[in-house]
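Okay, entry.cif is below, mmCIF, C-alpha atoms:
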data_input
#
loop_
_atom_site.group_PDB
_atom_site.id
_atom_site.type_symbol
_atom_site.label_atom_id
_atom_site.label_comp_id
_atom_site.auth_asym_id
_atom_site.auth_seq_id
_atom_site.Cartn_x
_atom_site.Cartn_y
_atom_site.Cartn_z
ATOM 1 C CA MET A 1 82.387 205.422 184.538
ATOM 2 C CA TYR A 2 83.374 205.730 180.874
ATOM 3 C CA ALA A 3 87.129 205.671 181.389
ATOM 4 C CA LYS A 4 87.445 203.087 184.150
ATOM 5 C CA TYR A 5 90.307 201.451 182.218
ATOM 6 C CA LEU A 6 92.435 204.433 183.288
ATOM 7 C CA TYR A 7 91.964 203.650 186.982
ATOM 8 C CA VAL A 8 91.206 199.951 187.370
ATOM 9 C CA GLU A 9 92.787 196.986 185.598
ATOM 10 C CA GLN A 10 90.222 195.484 183.263
ATOM 11 C CA LYS A 11 89.588 191.897 182.233
ATOM 12 C CA VAL A 12 89.808 191.721 178.460
ATOM 13 C CA ASN A 13 87.015 189.943 176.634
ATOM 14 C CA PRO A 14 88.415 188.104 173.580
ATOM 15 C CA SER A 15 85.221 188.843 171.656
ATOM 16 C CA ILE A 16 86.246 192.516 171.692
ATOM 17 C CA VAL A 17 89.853 191.868 170.663
ATOM 18 C CA TYR A 18 89.122 189.579 167.719
ATOM 19 C CA ASN A 19 87.027 191.323 165.109
ATOM 20 C CA LYS A 20 85.924 189.753 161.854
ATOM 21 C CA LYS A 21 85.047 193.095 160.246
ATOM 22 C CA MET A 22 88.519 194.481 161.021
ATOM 23 C CA LYS A 23 90.103 191.182 159.885
ATOM 24 C CA VAL A 24 91.621 190.626 163.323
ATOM 25 C CA SER A 25 91.813 186.933 164.116
ATOM 26 C CA GLU A 26 93.247 185.208 167.162
ATOM 27 C CA GLU A 27 96.026 183.849 164.947
ATOM 28 C CA LEU A 28 96.928 187.346 163.707
ATOM 29 C CA VAL A 29 97.067 188.727 167.261
ATOM 30 C CA ARG A 30 99.166 185.817 168.543
ATOM 31 C CA LEU A 31 101.567 186.182 165.615
ATOM 32 C CA HIS A 32 102.076 189.952 165.641
ATOM 33 C CA LEU A 33 101.408 191.234 169.162
ATOM 34 C CA PRO A 34 104.588 189.741 170.700
ATOM 35 C CA ASN A 35 106.657 191.347 167.915
ATOM 36 C CA ILE A 36 104.948 194.695 168.450
ATOM 37 C CA ILE A 37 105.476 194.517 172.209
ATOM 38 C CA SER A 38 109.154 193.737 171.650
ATOM 39 C CA GLN A 39 109.542 196.803 169.438
ATOM 40 C CA LEU A 40 107.594 199.002 171.855
ATOM 41 C CA GLU A 41 109.887 197.947 174.706
ATOM 42 C CA LYS A 42 112.843 199.321 172.727
ATOM 43 C CA LEU A 43 111.176 202.648 171.990
ATOM 44 C CA GLU A 44 113.153 205.406 173.684
ATOM 45 C CA ASP A 45 110.996 208.428 172.888
ATOM 46 C CA TRP A 46 107.496 207.401 173.999
ATOM 47 C CA ASN A 47 105.001 209.836 172.477
ATOM 48 C CA ILE A 48 102.137 209.723 170.007
ATOM 49 C CA ASP A 49 104.318 210.549 166.997
ATOM 50 C CA SER A 50 106.915 207.868 167.735
ATOM 51 C CA LEU A 51 104.181 205.306 168.478
ATOM 52 C CA LYS A 52 102.482 206.098 165.160
ATOM 53 C CA GLU A 53 105.743 205.847 163.256
ATOM 54 C CA LEU A 54 106.649 202.514 164.843
ATOM 55 C CA LEU A 55 103.255 200.880 164.345
ATOM 56 C CA ILE A 56 102.549 202.228 160.874
ATOM 57 C CA ASN A 57 105.993 201.081 159.718
ATOM 58 C CA TYR A 58 105.429 197.671 161.323
ATOM 59 C CA ASN A 59 102.135 197.354 159.480
ATOM 60 C CA LYS A 60 103.700 198.297 156.141
ATOM 61 C CA GLU A 61 106.582 195.857 156.622
ATOM 62 C CA ASN A 62 104.138 193.051 157.433
ATOM 63 C CA SER A 63 101.469 193.895 154.827
ATOM 64 C CA LEU A 64 98.899 194.643 157.519
ATOM 65 C CA LYS A 65 96.185 197.255 157.563
ATOM 66 C CA ASN A 66 96.484 199.689 160.467
ATOM 67 C CA GLY A 67 93.247 198.448 162.015
ATOM 68 C CA GLN A 68 94.617 194.925 162.209
ATOM 69 C CA THR A 69 97.085 195.992 164.883
ATOM 70 C CA LEU A 70 95.517 199.137 166.285
ATOM 71 C CA TRP A 71 92.132 197.513 166.982
ATOM 72 C CA PRO A 72 93.487 194.717 169.213
ATOM 73 C CA ILE A 73 95.923 197.042 170.991
ATOM 74 C CA ARG A 74 93.135 199.494 171.792
ATOM 75 C CA ALA A 75 90.745 196.713 172.808
ATOM 76 C CA ILE A 76 93.327 195.093 175.078
ATOM 77 C CA LEU A 77 94.285 198.371 176.751
ATOM 78 C CA SER A 78 90.733 199.556 177.344
ATOM 79 C CA ALA A 79 88.747 196.282 177.488
ATOM 80 C CA VAL A 80 85.833 198.096 175.842
ATOM 81 C CA GLU A 81 84.638 198.446 172.249
ATOM 82 C CA ALA A 82 84.548 202.235 172.202
ATOM 83 C CA SER A 83 87.512 204.166 173.564
ATOM 84 C CA PRO A 84 90.108 206.693 172.477
ATOM 85 C CA GLY A 85 92.533 205.504 169.801
ATOM 86 C CA ALA A 86 95.385 203.083 170.357
ATOM 87 C CA PHE A 87 98.082 205.758 170.097
ATOM 88 C CA GLU A 88 96.360 207.977 172.660
ATOM 89 C CA LEU A 89 95.780 205.084 175.065
ATOM 90 C CA MET A 90 99.375 203.864 174.811
ATOM 91 C CA ASN A 91 100.654 207.372 175.404
ATOM 92 C CA ILE A 92 98.420 207.941 178.439
ATOM 93 C CA LEU A 93 98.849 204.545 180.036
#
In structure tokens, write the structure found in this file.
Amino acid sequence: MYAKYLYVEQKVNPSIVYNKKMKVSEELVRLHLPNIISQLEKLEDWNIDSLKELLINYNKENSLKNGQTLWPIRAILSAVEASPGAFELMNIL
């Protein structure tokens, strides 16, 4: 099943989350993910546009490339290397 992450909780493999090519280190994830989660919890209008605005602004404010936050979010939500984008997954899940 290609979209099993929609139906069954997945165990996340750290080797998928941390990605040298995307410049996503364990340190970067540990530093920024709690802040992102905190901001997401405050989001009142949960849709793709508001998710994009929040995350893109967060990245700009923290001098991050979009892939440095979107890659680990997508990898954590899906537990696979190839899946729909982070915004789509967050909106669906």
Specify as a short mmCIF file (atom, residue, chain, number, x, y, z; two decimals) with C-alpha atoms, in the coordinates of the input each residue included when the PyMOL selection byres ((chain A and resi 18) around 10) is applied to this file.
data_model
loop_
_atom_site.label_atom_id
_atom_site.label_comp_id
_atom_site.auth_asym_id
_atom_site.auth_seq_id
_atom_site.Cartn_x
_atom_site.Cartn_y
_atom_site.Cartn_z
CA ASN A 13 87.02 189.94 176.63
CA PRO A 14 88.42 188.10 173.58
CA SER A 15 85.22 188.84 171.66
CA ILE A 16 86.25 192.52 171.69
CA VAL A 17 89.85 191.87 170.66
CA ASN A 19 87.03 191.32 165.11
CA LYS A 20 85.92 189.75 161.85
CA LYS A 21 85.05 193.10 160.25
CA MET A 22 88.52 194.48 161.02
CA LYS A 23 90.10 191.18 159.88
CA VAL A 24 91.62 190.63 163.32
CA SER A 25 91.81 186.93 164.12
CA GLU A 26 93.25 185.21 167.16
CA GLU A 27 96.03 183.85 164.95
CA LEU A 28 96.93 187.35 163.71
CA VAL A 29 97.07 188.73 167.26
CA GLN A 68 94.62 194.92 162.21
CA TRP A 71 92.13 197.51 166.98
CA PRO A 72 93.49 194.72 169.21
CA ALA A 75 90.74 196.71 172.81
#
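Counting from atom CA of Ala86 of chain A, the distance to atom CA of Leu70 of chain A is 5.7 Å.
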Requested in this report: Apply the PyMOL selection byres ((chain A and resi 32) around 10) to the file shown and report the selected residues as a list in words.
Outcome: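 Expected selection for the PyMOL selection byres ((chain A and resi 32) around 10) here is Glu27, Leu28, Val29, Arg30, Leu31, Leu33, Pro34, Asn35, Ile36, Ile37, Tyr58, Asn59, Asn62, Leu64, Gln68 and Thr69 of chain A.
The shell of residues at most 10 Å from Leu54 of chain A, with all atoms listed in the file counted and near chain neighbours (fewer than 5 positions) removed, consists of Ile36, Gln39, Leu40, Leu43, Ile48, Asp49 and Asn59 of chain A.
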**Report entry** Result set, the PyMOL selection byres ((chain A and resi 91) around 8) on current file, as a list in words
**Finding:**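 For this structure, the PyMOL selection byres ((chain A and resi 91) around 8) captures Trp46, Asn47, Ile48, Phe87, Glu88, Leu89, Met90, Ile92 and Leu93 of chain A.
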Expected axis-aligned box over every listed atom of segment 10-19 of chain A, 3 Å added per side, centre plus edges in Å to one decimal, as JSON:
{"center_x": 87.7, "center_y": 191.8, "center_z": 174.2, "size_x": 11.0, "size_y": 13.4, "size_z": 24.2}
Query raised in the report: atom CA of Leu51 of chain A and atom CA of Arg74 of chain A, how far apart in Å?
Result: 12.9 Å
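Between atom CA of Lys52 of chain A and atom CA of Glu81 of chain A there is a distance of 20.7 Å.
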